[in-house]
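File shown: data.cif (mmCIF, C-alpha atoms and all ligand atoms).
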data_upload
#
loop_
_atom_site.label_atom_id
_atom_site.label_comp_id
_atom_site.auth_asym_id
_atom_site.auth_seq_id
_atom_site.Cartn_x
_atom_site.Cartn_y
_atom_site.Cartn_z
CA MET A 9 15.15 4.29 -27.24
CA LYS A 10 15.82 1.07 -25.30
CA ILE A 11 13.57 -0.07 -22.47
CA LEU A 12 14.42 -2.94 -20.14
CA PHE A 13 11.64 -4.77 -18.26
CA VAL A 14 12.87 -6.15 -14.93
CA ALA A 15 10.16 -7.86 -12.85
CA GLY A 16 9.90 -11.48 -11.80
CA ASP A 17 6.81 -12.15 -13.93
CA PRO A 18 7.02 -15.64 -15.45
CA LYS A 19 5.14 -14.26 -18.46
CA PRO A 20 6.90 -10.97 -19.21
CA GLU A 21 5.22 -10.79 -22.64
CA ARG A 22 2.05 -9.76 -20.80
CA TRP A 23 3.91 -6.50 -20.26
CA THR A 24 6.26 -6.25 -23.19
CA VAL A 25 3.60 -6.78 -25.89
CA PRO A 26 1.51 -3.80 -24.75
CA ILE A 27 4.66 -1.70 -24.16
CA ARG A 28 5.64 -2.32 -27.81
CA GLU A 29 2.18 -1.22 -28.91
CA LEU A 30 2.32 1.93 -26.79
CA LEU A 31 5.88 2.82 -27.80
CA PRO A 32 6.28 1.40 -31.31
CA ASP A 33 9.62 3.11 -31.88
CA ALA A 34 11.27 1.71 -28.74
CA GLU A 35 13.34 -1.48 -28.44
CA ILE A 36 12.01 -3.54 -25.55
CA TYR A 37 14.15 -6.06 -23.66
CA VAL A 38 13.36 -8.47 -20.85
CA TRP A 39 15.95 -8.78 -18.05
CA ASP A 40 18.11 -11.85 -18.44
CA PRO A 41 20.16 -12.52 -15.30
CA ASP A 42 22.90 -14.07 -17.42
CA GLY A 43 22.62 -11.81 -20.41
CA PRO A 44 24.83 -8.94 -21.59
CA ALA A 45 24.17 -5.24 -20.99
CA VAL A 46 21.62 -3.83 -23.40
CA ASN A 47 22.48 -0.20 -22.60
CA ALA A 48 18.90 0.59 -21.76
CA ASP A 49 17.70 4.19 -21.48
CA TYR A 50 14.83 3.29 -19.17
CA ALA A 51 14.03 0.36 -16.90
CA ILE A 52 10.58 -0.68 -15.74
CA VAL A 53 11.08 -2.62 -12.51
CA TRP A 54 9.65 -4.39 -9.50
CA GLN A 55 12.17 -5.30 -6.79
CA PRO A 56 15.08 -5.48 -9.23
CA PRO A 57 18.35 -7.30 -8.51
CA SER A 58 21.45 -5.22 -7.81
CA ALA A 59 22.99 -6.72 -10.98
CA LEU A 60 20.72 -4.35 -12.93
CA PHE A 61 22.67 -1.31 -11.80
CA GLU A 62 26.02 -3.03 -12.17
CA ARG A 63 25.29 -3.85 -15.77
CA GLU A 64 23.15 -1.00 -17.06
CA LYS A 65 25.13 2.22 -16.86
CA ASN A 66 23.14 4.38 -19.28
CA LEU A 67 19.81 4.48 -17.45
CA LYS A 68 18.12 7.87 -17.53
CA ALA A 69 15.28 6.86 -15.25
CA VAL A 70 13.76 3.83 -13.58
CA PHE A 71 10.01 3.33 -13.34
CA ASN A 72 8.65 1.33 -10.41
CA LEU A 73 5.70 -0.97 -11.02
CA GLY A 74 4.14 -0.05 -7.69
CA ALA A 75 3.34 2.91 -5.50
CA GLY A 76 5.72 1.85 -2.72
CA ILE A 77 9.36 2.15 -3.73
CA ASP A 78 10.91 0.62 -0.58
CA GLY A 79 11.84 -2.55 -2.55
CA LEU A 80 13.76 -0.44 -5.05
CA LEU A 81 15.43 1.88 -2.56
CA LYS A 82 16.70 -1.22 -0.74
CA VAL A 83 18.92 -2.13 -3.69
CA PRO A 84 22.32 -1.07 -2.33
CA ASN A 85 23.88 0.10 -5.58
CA LEU A 86 20.92 2.14 -6.87
CA PRO A 87 22.77 5.18 -8.26
CA LYS A 88 22.14 8.21 -6.04
CA ASP A 89 21.44 10.55 -8.92
CA LEU A 90 19.21 8.21 -10.94
CA THR A 91 15.65 9.47 -11.48
CA VAL A 92 13.26 7.08 -9.74
CA VAL A 93 9.58 7.31 -10.64
CA ARG A 94 6.81 5.58 -8.76
CA LEU A 95 3.37 4.58 -9.88
CA GLU A 96 0.79 7.26 -9.19
CA ASP A 97 -2.59 5.76 -8.51
CA ALA A 98 -3.15 3.91 -11.83
CA GLY A 99 -6.36 2.41 -10.49
CA MET A 100 -4.93 1.56 -7.08
CA SER A 101 -6.54 4.19 -4.89
CA ALA A 102 -10.10 3.12 -5.75
CA GLN A 103 -9.24 -0.49 -4.90
CA MET A 104 -7.64 0.57 -1.62
CA ALA A 105 -10.66 2.65 -0.67
CA GLU A 106 -12.92 -0.33 -1.38
CA TYR A 107 -10.72 -2.68 0.63
CA VAL A 108 -10.61 -0.36 3.63
CA LEU A 109 -14.36 0.23 3.49
CA HIS A 110 -14.96 -3.51 3.33
CA GLN A 111 -12.78 -4.17 6.37
CA LEU A 112 -14.44 -1.33 8.26
CA LEU A 113 -17.91 -2.72 7.51
CA GLU A 114 -16.82 -6.18 8.59
CA ALA A 115 -15.91 -4.62 11.92
CA ASN A 116 -18.87 -2.32 12.49
CA ARG A 117 -21.89 -3.79 10.65
CA GLU A 118 -21.95 -7.21 12.40
CA MET A 119 -21.57 -8.96 9.05
CA GLU A 120 -19.98 -12.05 10.56
CA THR A 121 -22.80 -12.29 13.12
CA TYR A 122 -25.45 -12.05 10.40
CA ARG A 123 -23.68 -14.73 8.34
CA GLU A 124 -23.65 -16.99 11.37
CA GLN A 125 -27.33 -16.25 12.00
CA GLN A 126 -28.10 -17.17 8.39
CA ARG A 127 -26.37 -20.53 8.86
CA GLN A 128 -28.65 -21.10 11.82
CA GLY A 129 -31.81 -19.70 10.18
CA VAL A 130 -32.06 -16.90 12.74
CA TRP A 131 -33.73 -13.54 11.98
CA LYS A 132 -32.44 -11.18 14.62
CA ILE A 133 -31.75 -7.48 14.26
CA HIS A 134 -28.86 -5.94 16.16
CA ARG A 135 -28.46 -2.37 17.27
CA PRO A 136 -27.69 -0.10 14.31
CA MET A 137 -24.12 1.11 13.98
CA LYS A 138 -23.58 4.75 14.89
CA ARG A 139 -21.03 6.44 12.67
CA SER A 140 -20.10 8.79 15.50
CA GLU A 141 -18.72 5.74 17.36
CA TRP A 142 -16.36 4.84 14.52
CA PRO A 143 -14.05 7.78 13.85
CA VAL A 144 -11.43 6.86 11.29
CA GLY A 145 -7.81 8.03 11.18
CA VAL A 146 -5.77 7.62 8.03
CA MET A 147 -1.99 7.62 8.37
CA GLY A 148 -0.31 8.73 5.17
CA LEU A 149 -1.95 11.27 2.88
CA GLY A 150 -0.50 10.45 -0.53
CA HIS A 151 -2.77 9.56 -3.47
CA ILE A 152 -3.98 6.43 -1.73
CA GLY A 153 -4.46 7.81 1.77
CA LYS A 154 -6.34 10.81 0.44
CA ARG A 155 -8.67 8.63 -1.61
CA VAL A 156 -9.40 6.43 1.40
CA ALA A 157 -10.03 9.47 3.61
CA ARG A 158 -12.27 11.17 1.06
CA THR A 159 -14.27 8.00 0.42
CA LEU A 160 -15.04 7.44 4.10
CA ALA A 161 -15.74 11.14 4.69
CA ALA A 162 -18.24 11.01 1.80
CA LEU A 163 -20.05 8.25 3.72
CA ASP A 164 -20.30 10.61 6.70
CA TYR A 165 -17.63 8.99 8.85
CA ARG A 166 -15.63 11.39 10.95
CA VAL A 167 -12.22 11.17 9.31
CA SER A 168 -8.89 12.59 10.28
CA GLY A 169 -5.58 12.23 8.53
CA TRP A 170 -1.98 12.30 9.67
CA ALA A 171 1.13 12.71 7.56
CA ARG A 172 4.66 13.98 7.91
CA GLY A 173 3.88 17.26 6.16
CA GLU A 174 0.85 19.57 6.03
CA HIS A 175 -2.09 18.58 3.84
CA SER A 176 -5.52 20.02 3.43
CA LEU A 177 -8.45 17.87 2.47
CA GLU A 178 -12.07 18.92 2.43
CA GLY A 179 -14.14 17.18 5.07
CA VAL A 180 -11.06 15.66 6.76
CA SER A 181 -9.23 17.13 9.74
CA THR A 182 -5.53 16.85 9.08
CA HIS A 183 -2.58 16.56 11.46
CA ALA A 184 1.08 16.92 10.60
CA GLY A 185 4.31 15.59 12.02
CA PRO A 186 5.28 13.86 15.27
CA ASP A 187 3.92 16.68 17.46
CA GLN A 188 0.39 16.15 16.22
CA LEU A 189 0.42 12.36 16.26
CA ALA A 190 -0.99 12.00 19.79
CA GLY A 191 -3.95 14.27 19.01
CA PHE A 192 -4.64 12.30 15.85
CA LEU A 193 -4.56 8.96 17.68
CA LYS A 194 -6.82 10.23 20.45
CA SER A 195 -9.51 11.08 17.90
CA THR A 196 -9.20 7.72 16.09
CA ARG A 197 -10.90 4.39 16.63
CA VAL A 198 -10.27 2.84 13.20
CA LEU A 199 -6.64 3.30 12.25
CA VAL A 200 -5.84 2.88 8.56
CA ASN A 201 -2.18 2.76 7.57
CA THR A 202 -1.24 3.87 4.05
CA LEU A 203 2.19 5.33 4.92
CA PRO A 204 5.24 4.80 2.74
CA LEU A 205 7.93 2.67 4.37
CA THR A 206 10.90 4.82 5.36
CA ASP A 207 13.38 4.80 8.25
CA GLU A 208 11.04 7.18 10.05
CA THR A 209 7.91 5.06 9.63
CA ARG A 210 9.38 1.57 10.18
CA ASP A 211 7.85 0.01 13.35
CA ILE A 212 5.62 3.06 13.84
CA ILE A 213 2.59 0.90 14.72
CA ASN A 214 3.75 -0.37 18.07
CA TYR A 215 2.19 -0.95 21.48
CA ASP A 216 2.61 2.66 22.54
CA LEU A 217 0.83 3.94 19.44
CA LEU A 218 -1.97 1.37 19.60
CA SER A 219 -2.57 2.20 23.28
CA GLN A 220 -3.42 5.77 22.35
CA LEU A 221 -6.36 4.83 20.12
CA GLN A 222 -9.97 4.98 21.29
CA PRO A 223 -11.38 1.92 23.07
CA GLY A 224 -12.41 -1.02 20.86
CA ALA A 225 -9.97 0.08 18.19
CA VAL A 226 -9.52 -1.55 14.82
CA LEU A 227 -6.34 -1.56 12.73
CA ILE A 228 -6.37 -1.82 8.94
CA ASN A 229 -2.83 -2.12 7.55
CA VAL A 230 -2.48 -1.68 3.80
CA GLY A 231 0.94 0.03 3.98
CA ARG A 232 3.83 -2.32 4.62
CA GLY A 233 4.40 -5.16 7.05
CA GLU A 234 7.46 -3.41 8.47
CA HIS A 235 5.28 -0.59 9.77
CA LEU A 236 3.83 -2.95 12.33
CA VAL A 237 5.58 -4.48 15.35
CA GLU A 238 3.92 -7.88 15.23
CA ASP A 239 4.35 -8.86 18.89
CA ASP A 240 2.95 -5.51 19.94
CA LEU A 241 -0.13 -6.13 17.83
CA LEU A 242 -0.71 -9.51 19.50
CA ARG A 243 -0.26 -7.94 22.92
CA ALA A 244 -2.71 -5.12 22.12
CA LEU A 245 -5.29 -7.66 20.90
CA ASP A 246 -4.78 -9.90 23.93
CA GLU A 247 -5.17 -6.97 26.30
CA GLY A 248 -8.34 -5.77 24.55
CA ILE A 249 -6.77 -2.49 23.48
CA LEU A 250 -7.51 -3.52 19.93
CA ARG A 251 -10.64 -5.38 18.95
CA LYS A 252 -9.61 -6.47 15.47
CA ALA A 253 -6.90 -6.10 12.86
CA SER A 254 -7.16 -6.48 9.09
CA LEU A 255 -3.74 -7.02 7.57
CA ASP A 256 -2.91 -7.08 3.88
CA VAL A 257 0.86 -6.72 4.24
CA PHE A 258 3.40 -8.58 6.37
CA ARG A 259 7.03 -8.37 7.37
CA LYS A 260 7.59 -11.61 5.52
CA GLU A 261 5.49 -12.42 2.47
CA PRO A 262 4.11 -14.98 1.92
CA LEU A 263 3.21 -15.09 5.62
CA PRO A 264 5.05 -18.17 6.99
CA GLU A 265 2.84 -21.20 7.59
CA ASP A 266 3.62 -21.33 11.30
CA HIS A 267 3.01 -17.62 11.90
CA PRO A 268 0.75 -16.98 14.93
CA PHE A 269 -1.44 -14.54 12.96
CA TRP A 270 -3.01 -17.44 11.02
CA GLN A 271 -4.69 -18.83 14.14
CA ARG A 272 -6.30 -15.60 15.30
CA GLU A 273 -10.02 -15.00 14.94
CA ASP A 274 -9.38 -11.31 15.59
CA ILE A 275 -7.00 -10.91 12.65
CA THR A 276 -8.16 -10.91 9.05
CA ILE A 277 -5.39 -11.86 6.64
CA THR A 278 -5.31 -11.10 2.92
CA PRO A 279 -2.26 -11.83 0.73
CA HIS A 280 -1.20 -8.30 -0.35
CA ILE A 281 -4.20 -7.85 -2.66
CA SER A 282 -5.76 -4.65 -1.33
CA ALA A 283 -4.73 -2.87 -4.53
CA ARG A 284 -3.44 -4.85 -7.48
CA THR A 285 -1.36 -3.22 -10.16
CA LEU A 286 -3.68 -2.90 -13.16
CA ARG A 287 -1.57 -3.60 -16.21
CA ASP A 288 -3.30 -1.36 -18.77
CA ALA A 289 -3.54 1.71 -16.57
CA THR A 290 0.00 1.16 -15.29
CA LEU A 291 1.59 0.82 -18.70
CA GLU A 292 -0.33 3.74 -20.11
CA GLN A 293 1.00 5.88 -17.26
CA ILE A 294 4.58 4.65 -17.45
CA THR A 295 4.93 4.77 -21.24
CA GLY A 296 3.37 8.26 -21.27
CA LYS A 297 5.99 9.39 -18.77
CA ILE A 298 8.81 7.72 -20.71
CA ARG A 299 7.70 9.60 -23.82
CA ASP A 300 7.57 12.89 -21.90
CA HIS A 301 10.93 12.31 -20.22
CA ALA A 302 12.61 11.39 -23.52
CA GLN A 303 11.34 14.64 -25.01
CA GLY A 304 12.52 16.70 -22.07
CA ARG A 305 9.06 17.39 -20.64
CA PRO A 306 8.56 17.34 -16.86
CA ILE A 307 7.00 14.26 -15.28
CA THR A 308 5.24 13.70 -11.96
CA GLY A 309 5.80 10.90 -9.47
CA VAL A 310 9.57 11.43 -9.25
CA VAL A 311 10.72 10.09 -5.88
CA ASP A 312 12.80 12.06 -3.42
CA THR A 313 15.17 9.18 -2.72
CA GLU A 314 16.61 10.90 0.38
CA ARG A 315 13.14 11.25 1.89
CA GLY A 316 12.18 7.75 0.75
CA TYR A 317 8.90 8.38 -1.11
C1 LIG B 401 2.66 -1.09 -4.22
C2 LIG B 401 2.25 -2.45 -3.82
O1 LIG B 401 3.52 -0.51 -3.58
O2 LIG B 401 1.66 -3.15 -4.65
O3 LIG B 401 2.12 -0.58 -5.20
O4 LIG B 401 2.48 -2.85 -2.70
#
Spell out the structure here as structure tokens.
Ligand code: OXD
Amino acid sequence: MKILFVAGDPKPERWTVPIRELLPDAEIYVWDPDGPAVNADYAIVWQPPSALFEREKNLKAVFNLGAGIDGLLKVPNLPKDLTVVRLEDAGMSAQMAEYVLHQLLEANREMETYREQQRQGVWKIHRPMKRSEWPVGVMGLGHIGKRVARTLAALDYRVSGWARGEHSLEGVSTHAGPDQLAGFLKSTRVLVNTLPLTDETRDIINYDLLSQLQPGAVLINVGRGEHLVEDDLLRALDEGILRKASLDVFRKEPLPEDHPFWQREDITITPHISARTLRDATLEQITGKIRDHAQGRPITGVVDTERGY
């Protein structure tokens, strides 16, 4: 079996050495933009070039090194019938839940104020936060969204979830489809976006949507930058519709130096780190699936490329 590794890591051996250990019978190749076809059976990719699909005509499946497959579906010549498999959790959902909780606490536990007080040697206690005043709404109820929702519900936050299709989740009130979006937004003060990026969800976080949230709203975007209409966010912040936004993803990454977001006290910026791909867990998952697929066993995480996730 031949496996081709196609990700812009300057040290691909960090991946290929463990892949060789996990699949000792496989031949492992690293993508060479100028090299010949290797006739790979499987490719492990992150945002691959279109040359991959021009050159490699024997691929049985392609494994994405991330949960979001928008970067892969964007490749224009991705064969329609090729099996595309995304990463399922692999340590990401716990990190996401931590990140979201951290951003929520920054917003509702006065942490910045207490840090400032410390700098000034001030001992002053502020009014305790009431959970009932911070209902959370999670958009997207895949592995990651569910983990975020369950984590916050376990801490007694009132949590609701919204997704395209029906989901049921203990302790979380769930809403499905465009018809139930308004009801979801009305019950939400802290909006957490974990949606996949598709044609339907692009630009979904716009002024109209933000205006439907509860007063003093907070946005935490860990989905994709293209979900958010940036000018609409600035307008919502300026008009006081939103109190704060924590953004881990951007339309253009790295965020350009002259981008207005950098200057805003009411926006927290992190450089797409809310959930890092953990190499060991990722490779264990992918190589396990390659083994299963090669032996004709069913695998999970296969993407519906028409639907986009
Ligand atoms: C992912 C990401 O999609 O890292 O997994 O953004």
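Minimum atom-to-atom distance to A:Asp40, evaluated using only C-alpha atoms, belongs to A:Leu60 out of A:Ala302, A:Leu60, A:Ala157, A:Met147.
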(request) Pick out the residues sitting within 9 Å of stretch 98-103 of chain A, and hand them over as a ChimeraX atom specification; count all atoms listed in the file, and ignore anything fewer than 3 positions along from it in its own chain. (result) /A:75,95,106-108,151-156,159,282-293
Neighbours of stretch 181-189 of chain A within 7 Å (all atoms listed in the file; same-chain residues fewer than 3 positions away dropped), as an mmCIF file with C-alpha atoms, in the frame of the given file?
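Saved result, out_36.cif, follows:
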data_model
loop_
_atom_site.group_PDB
_atom_site.id
_atom_site.type_symbol
_atom_site.label_atom_id
_atom_site.label_comp_id
_atom_site.auth_asym_id
_atom_site.auth_seq_id
_atom_site.Cartn_x
_atom_site.Cartn_y
_atom_site.Cartn_z
ATOM 1 C CA VAL A 167 -12.220 11.170 9.310
ATOM 2 C CA SER A 168 -8.890 12.590 10.280
ATOM 3 C CA GLY A 169 -5.580 12.230 8.530
ATOM 4 C CA TRP A 170 -1.980 12.300 9.670
ATOM 5 C CA ALA A 171 1.130 12.710 7.560
ATOM 6 C CA ARG A 172 4.660 13.980 7.910
ATOM 7 C CA GLY A 173 3.880 17.260 6.160
ATOM 8 C CA GLU A 174 0.850 19.570 6.030
ATOM 9 C CA HIS A 175 -2.090 18.580 3.840
ATOM 10 C CA SER A 176 -5.520 20.020 3.430
ATOM 11 C CA PHE A 192 -4.640 12.300 15.850
ATOM 12 C CA LEU A 193 -4.560 8.960 17.680
#
Please identify every residue of chain A that has at least one atom no farther than 9 Å from an atom of ligand LIG 401 (chain B), counting only C-alpha atoms and all ligand atoms, and for each give the shortest atom pair and the distance in Å to one decimal, arranged by chain then increasing number, as CSV.
residue,atom,partner,partner_atom,distance
A:Asn72,CA,B:LIG401,O3,8.6
A:Leu73,CA,B:LIG401,O3,6.8
A:Gly74,CA,B:LIG401,O3,3.2
A:Ala75,CA,B:LIG401,O3,3.7
A:Gly76,CA,B:LIG401,O1,3.3
A:Ile77,CA,B:LIG401,O1,6.4
A:Asp78,CA,B:LIG401,O1,8.1
A:Gly79,CA,B:LIG401,O1,8.6
A:Arg94,CA,B:LIG401,O3,8.5
A:Leu95,CA,B:LIG401,O3,7.1
A:Glu96,CA,B:LIG401,O3,8.9
A:Asp97,CA,B:LIG401,O3,8.6
A:Met100,CA,B:LIG401,O3,7.6
A:Pro204,CA,B:LIG401,O1,8.4
A:Val230,CA,B:LIG401,O4,8.3
A:Gly231,CA,B:LIG401,O4,7.4
A:Arg232,CA,B:LIG401,O4,7.5
A:Val257,CA,B:LIG401,O4,8.1
A:His280,CA,B:LIG401,O4,7.0
A:Ile281,CA,B:LIG401,O2,7.8
A:Ser282,CA,B:LIG401,O2,8.3
A:Ala283,CA,B:LIG401,O2,6.4
A:Arg284,CA,B:LIG401,O2,6.1
A:Thr285,CA,B:LIG401,O2,6.3
Residue subset to file, keeping C-alpha atoms, as a PDB file, keeping the file's coordinate frame:
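Result file is result10.pdb:
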ATOM      1  CA  ASN A  72       8.650   1.330 -10.410  1.00  0.00           C
ATOM      2  CA  LEU A  73       5.700  -0.970 -11.020  1.00  0.00           C
ATOM      3  CA  GLY A  74       4.140  -0.050  -7.690  1.00  0.00           C
ATOM      4  CA  ALA A  75       3.340   2.910  -5.500  1.00  0.00           C
ATOM      5  CA  GLY A  76       5.720   1.850  -2.720  1.00  0.00           C
ATOM      6  CA  ILE A  77       9.360   2.150  -3.730  1.00  0.00           C
ATOM      7  CA  ASP A  78      10.910   0.620  -0.580  1.00  0.00           C
ATOM      8  CA  GLY A  79      11.840  -2.550  -2.550  1.00  0.00           C
ATOM      9  CA  ARG A  94       6.810   5.580  -8.760  1.00  0.00           C
ATOM     10  CA  LEU A  95       3.370   4.580  -9.880  1.00  0.00           C
ATOM     11  CA  GLU A  96       0.790   7.260  -9.190  1.00  0.00           C
ATOM     12  CA  ASP A  97      -2.590   5.760  -8.510  1.00  0.00           C
ATOM     13  CA  MET A 100      -4.930   1.560  -7.080  1.00  0.00           C
ATOM     14  CA  PRO A 204       5.240   4.800   2.740  1.00  0.00           C
ATOM     15  CA  VAL A 230      -2.480  -1.680   3.800  1.00  0.00           C
ATOM     16  CA  GLY A 231       0.940   0.030   3.980  1.00  0.00           C
ATOM     17  CA  ARG A 232       3.830  -2.320   4.620  1.00  0.00           C
ATOM     18  CA  VAL A 257       0.860  -6.720   4.240  1.00  0.00           C
ATOM     19  CA  HIS A 280      -1.200  -8.300  -0.350  1.00  0.00           C
ATOM     20  CA  ILE A 281      -4.200  -7.850  -2.660  1.00  0.00           C
ATOM     21  CA  SER A 282      -5.760  -4.650  -1.330  1.00  0.00           C
ATOM     22  CA  ALA A 283      -4.730  -2.870  -4.530  1.00  0.00           C
ATOM     23  CA  ARG A 284      -3.440  -4.850  -7.480  1.00  0.00           C
ATOM     24  CA  THR A 285      -1.360  -3.220 -10.160  1.00  0.00           C
TER      25      THR A 285
END
(request) Measuring atom to atom with only C-alpha atoms, identify which of A:Arg117, A:Arg123, A:His301, A:Arg166 is nearest to A:Val146. (result)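 Closest to A:Val146, using only C-alpha atoms: A:Arg166.
Shortest separation to A:Pro41 among A:Leu236, A:Ala190, A:Ile27, A:Ala59 occurs at residue A:Ala59, atoms counted being all atoms listed in the file.
Residue nearest A:Leu217, chosen from A:Pro44, A:Pro32, A:Pro57, A:Gly191 and counting only C-alpha atoms: A:Gly191.
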(request) Considering only C-alpha atoms, state which residue in the set A:Asp216, A:Asp89, A:Asp256, A:Asp17 is at the smallest distance from A:Pro56. (result)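 Using only C-alpha atoms, the shortest distance to A:Pro56 belongs to A:Asp17.
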(request) Kindly provide, as number ranges by chain, the polymer residues lying within 12 Å of (-8.7, -7.0, 21.7), counting only C-alpha atoms and using the coordinates exactly as they appear in the file. (result) A: 218-219, 223-227, 240-253, 272-275
(request) Between atom CA of A:Ala162 and atom CA of A:Leu112, measure the distance and give it in Å to one decimal. (result)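 Straight-line distance from atom CA of A:Ala162 to atom CA of A:Leu112 works out to 14.4 Å.
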(message) Calculated over only C-alpha atoms, which of the candidates A:Leu113, A:Ile294, A:Ala15, A:Ile277 has the smallest distance to A:Glu261?
(response) A:Ile277
(request) State, in Å with one decimal place, the distance from atom CA of A:Gly16 to atom CA of A:Val83. (result)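 Between atom CA of A:Gly16 and atom CA of A:Val83 the gap works out to 15.3 Å.
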(message) List the spatial neighbours of A:Asp312 as an NGL selection string - criterion: any atom at most 10 Å away, all atoms listed in the file, same-chain residues fewer than 5 positions off excluded.
(response) :A and (91-93 or 317)
(message) Between atom CA of A:Tyr165 and atom CA of A:Ser195, what is the distance in Å, rounded to a tenth?
(response)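 Atom CA of A:Ser195 lies at a distance of 12.3 Å from atom CA of A:Tyr165.
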Export all heavy atoms of stretch 275-281 of chain A from the structure just given, as a tab-separated table (two decimals), in the first residue's frame?
chain	number	residue	atom	x	y	z
A	275	ILE	N	-12.23	43.19	20.99
A	275	ILE	CA	-12.01	41.95	20.24
A	275	ILE	C	-10.76	41.25	20.77
A	275	ILE	O	-9.71	41.88	20.90
A	275	ILE	CB	-11.84	42.22	18.72
A	275	ILE	CG1	-13.11	42.85	18.14
A	275	ILE	CG2	-11.49	40.95	17.96
A	275	ILE	CD1	-13.04	43.15	16.64
A	276	THR	N	-10.92	39.99	21.10
A	276	THR	CA	-9.76	39.18	21.49
A	276	THR	C	-9.37	38.34	20.28
A	276	THR	O	-10.22	37.66	19.69
A	276	THR	CB	-10.12	38.25	22.67
A	276	THR	OG1	-10.45	39.06	23.79
A	276	THR	CG2	-8.96	37.34	23.04
A	277	ILE	N	-8.09	38.42	19.91
A	277	ILE	CA	-7.61	37.71	18.72
A	277	ILE	C	-6.66	36.60	19.15
A	277	ILE	O	-5.73	36.83	19.91
A	277	ILE	CB	-6.84	38.70	17.81
A	277	ILE	CG1	-7.80	39.74	17.24
A	277	ILE	CG2	-6.10	37.96	16.69
A	277	ILE	CD1	-7.10	40.89	16.53
A	278	THR	N	-6.91	35.39	18.65
A	278	THR	CA	-5.91	34.32	18.79
A	278	THR	C	-5.67	33.74	17.38
A	278	THR	O	-6.57	33.74	16.54
A	278	THR	CB	-6.37	33.20	19.75
A	278	THR	OG1	-7.69	32.78	19.40
A	278	THR	CG2	-6.36	33.67	21.20
A	279	PRO	N	-4.44	33.27	17.13
A	279	PRO	CA	-4.07	32.88	15.76
A	279	PRO	C	-4.43	31.42	15.40
A	279	PRO	O	-3.55	30.60	15.16
A	279	PRO	CB	-2.56	33.10	15.73
A	279	PRO	CG	-2.14	32.86	17.15
A	279	PRO	CD	-3.28	33.28	18.02
A	280	HIS	N	-5.73	31.13	15.33
A	280	HIS	CA	-6.22	29.80	14.93
A	280	HIS	C	-5.57	28.70	15.78
A	280	HIS	O	-4.96	27.77	15.25
A	280	HIS	CB	-5.94	29.57	13.43
A	280	HIS	CG	-6.85	28.55	12.80
A	280	HIS	ND1	-7.39	28.69	11.55
A	280	HIS	CD2	-7.33	27.37	13.24
A	280	HIS	CE1	-8.15	27.64	11.26
A	280	HIS	NE2	-8.12	26.82	12.29
A	281	ILE	N	-5.70	28.85	17.10
A	281	ILE	CA	-5.07	27.87	18.00
A	281	ILE	C	-6.08	27.23	18.95
A	281	ILE	O	-5.69	26.51	19.85
A	281	ILE	CB	-3.93	28.50	18.85
A	281	ILE	CG1	-4.38	29.83	19.50
A	281	ILE	CG2	-2.69	28.73	18.02
A	281	ILE	CD1	-5.27	29.73	20.68
